[in-house]
Number of protein chains: 2
Amino acid sequence: MAANVQDAIMLLGDSLTQGGWEPNAFAQRLSYVYARKLDVINRGFGGYQTDWAIPVFEQVFAKQHEQQHVPKVRILTIWYGANDASPAPSPQHVPRDRFKANLSHLVQMVTSPTSAHYSPDTRIILITPPPVNTYQWDSRVFDVTKSYAEAVKEVGLKEELPVADIWTSIWEAAGKDEKSLSKYLSDGLHLTAEGYDIVFTSLIKIIGEKYPEVHYDKLQNVFLPWDSVDFANPRSTLGKRDAMLA
Amino acid sequence: MAANVQDAIMLLGDSLTQGGWEPNAFAQRLSYVYARKLDVINRGFGGYQTDWAIPVFEQVFAKQHEQQHVPKVRILTIWYGANDASPAPSPQHVPRDRFKANLSHLVQMVTSPTSAHYSPDTRIILITPPPVNTYQWDSRVFDVTKSYAEAVKEVGLKEELPVADIWTSIWEAAGKDEKSLSKYLSDGLHLTAEGYDIVFTSLIKIIGEKYPEVHYDKLQNVFLPWDSVDFANPRSTLGKRDAMLA
């Protein structure tokens with residue numbers, strides 16, 4: 001069984017998060033740069049929206065009384081909107097006001113001292129949905145997804161959290177031309193490696209600026225680099241350490 | 001904090017395992033195919049050999065009394081030899097007999113009913129070190145690494161465990177020509193994406209043949225596919241499930 005030795009980065013979201021395990025996508029790249037420091041726990045569920053995220057998050061994010069046994073979540077990304085923005089009567093549709101309320105609810109589960117899941121040590125980053133290329137994916141509406149991206153930024157302001165505004169970053173990278181989004185979106189909705197590069201770069205920039213103490217460059221390996229092991233008495237130097245420097 | 005919702009695949013080893021987080025390497029690809037079913041926990045430590053692996057494994061693999069709180073390790077890969085095969089007096093050198101004894105010790109920590117770490121539900125796969133290209137990496141000896149790969153197979157026989165013999169698979173893929181190993185080894189010791197493809201393919205083949213009940217095709221998503229959610233009463237269908245079918 002897997003003992004609790006490394007703290008974690010948790011990625012909560014929909015298919016855009018689940019797809020983070022593709023080569024060069026953001027879960028893979030975070031795992032690579034945080035190797036031996038923090039584990040990456042991908043809790044992306046394709047097709048899900050924020051109504052369904054709440055009962056799931058209640059189960060995947062431990063309650064306070066369980067926290068002594070499980071990895072601390074040092075960084076949490078919350079990334080929804082791509083499905084919430086589906087037009088009614090799609091079962092994935094979540095009205096914009098409820099989408100905002102749901103996102104705030106997810107955040108406050110972690111940040112509110114009265115929450116059973118309260119975790120003041122967890123640093124949260126919100127991510128906006130990317131723009132949609134309706135030439136490729138015709139069950140979404142460009143301006144609706146844009147308004148859900150803006151809703152994420154409004155929640156970020158209200159909850160005083162940093163937002164990786166990849167809607168704007170990808171839109172600008174595509175020269176504000178919807179057809180040119182195909183470089184960043186494989187099918188109009190899901191990201192290519194180039195799209196994920198913008199997500200990864202944006203997250204690392206935010207971590208460096210807002211949460212520098214958990215940037216991978218500021219963490220140490222939980223187990224010593226091999227050439228620091230005491231070769232005469234290795235066991236004396238092979239105890240696990242906290243990745244965070246005191 | 002990260003609640004215990006998905007069981008795990010643990011990868012124990014040296015830099016070849018740590019590098020599993022590279023794009024298209026085996027940790028990334030396992031994470032992708034097992035998404036929403038099993039988490040991948042990479043416990044690869046660059047430069048380590050089996051003498052040092054033992055005190056580390058005692059900490060990263062939970063003891064029986066801790067197991068109720070932590071993810072079950074459904075599959076465990078153990079992959080050493082590349083550093084153990086360093087010639088003396090390198091501090092990484094582990095004599096071949098002790099290398100075999102260390103590997104058996106790691107295995108028996110999991111398989112022995114008298115072990116504090118006993119975990120009969122964990123399926124173990126041993127992996128041989130790859131051949132070394134001494135034209136590129138001159139601090140190893142071709143035939144010595146080969147003999148350590150054979151040692152892994154001897155331990156597999158003794159412990160009755162499947163072995164991913166990637167030494168032989170890569171050697172044959174290279175046409176048994178040392179210089180042609182450069183397709184599979186970036187620097188003579190570490191694997192390219194083509195080398196990792198052989199590792200991944202070998203592991204999936206062994207899982208399918210020896211441990212089919214934990215092949216990703218035989219597992220279900222811990223949380224329902226979105227289009228199976230009860231849209232009228234979503235919470236009733238959003239409880240976590242065991243990935244393994246009864």
# chains A, B, ... in the order shown; residues from 1 in each chain; ligands from 1

call {"tool": "residues_around", "arguments": {"residues": "segment 169-176 of chain B", "least_positions_apart": "4", "cutoff": "9 Å", "atoms": "only C-alpha atoms", "output": "count of residues only"}}
result
13

call {"tool": "interface_residues", "arguments": {"of": "chain A", "to": "chain B", "cutoff": "7 Å", "atoms": "only C-alpha atoms", "output": "PyMOL selection string"}}
result
chain A and resi 1-3+5+21-24+28+31-32+46-48+52+55-56+59-62+67+69-73+91+226+231+234-235+238

call {"tool": "closest_residue", "arguments": {"among": "B:Thr77, B:Tyr135, B:Ala82, B:Pro89", "to": "Leu106 of chain B", "atoms": "only C-alpha atoms"}}
result
B:Thr77

call {"tool": "residues_around", "arguments": {"residues": "Leu189 of chain A", "least_positions_apart": "6", "cutoff": "10 Å", "atoms": "only C-alpha atoms", "output": "list in words"}}
result
Ser15, Leu16, Ala82, Asn83, Pro129, Pro130, Pro131, Val132, Asn133, Thr134, Gln136, Trp137, Asp138, Ser139, Arg140, Leu181 and Ser182 of chain A

call {"tool": "select_by_dssp", "arguments": {"residues": "segment 1-233 of chain B", "states": "strand (DSSP E or B)", "output": "PyMOL selection string"}}
result
chain B and resi 2+7-13+38-44+61+73-79+123-127+163-164+185+191+219

call {"tool": "select_by_dssp", "arguments": {"residues": "segment 4-236 of chain A", "states": "alpha helix (DSSP H)", "output": "VMD selection string"}}
result
chain A and resid 15 to 18 26 to 33 50 to 60 96 to 111 142 to 159 166 to 173 193 to 210

call {"tool": "closest_residue", "arguments": {"among": "A:Pro87, A:His93, A:Leu126, A:Phe142", "to": "Lys158 of chain A", "atoms": "only C-alpha atoms"}}
result
A:Leu126

call {"tool": "atom_distance", "arguments": {"atom1": "atom CA of Asp143 of chain A", "atom2": "atom CA of Ala85 of chain A"}}
result
9.8 Å

call {"tool": "closest_residue", "arguments": {"among": "A:Thr168, A:Thr114, A:Pro162, A:Glu178", "to": "Ile204 of chain A", "atoms": "only C-alpha atoms"}}
result
A:Pro162

call {"tool": "atom_distance", "arguments": {"atom1": "atom CA of Leu203 of chain B", "atom2": "atom CA of Thr192 of chain A"}}
result
27.3 Å
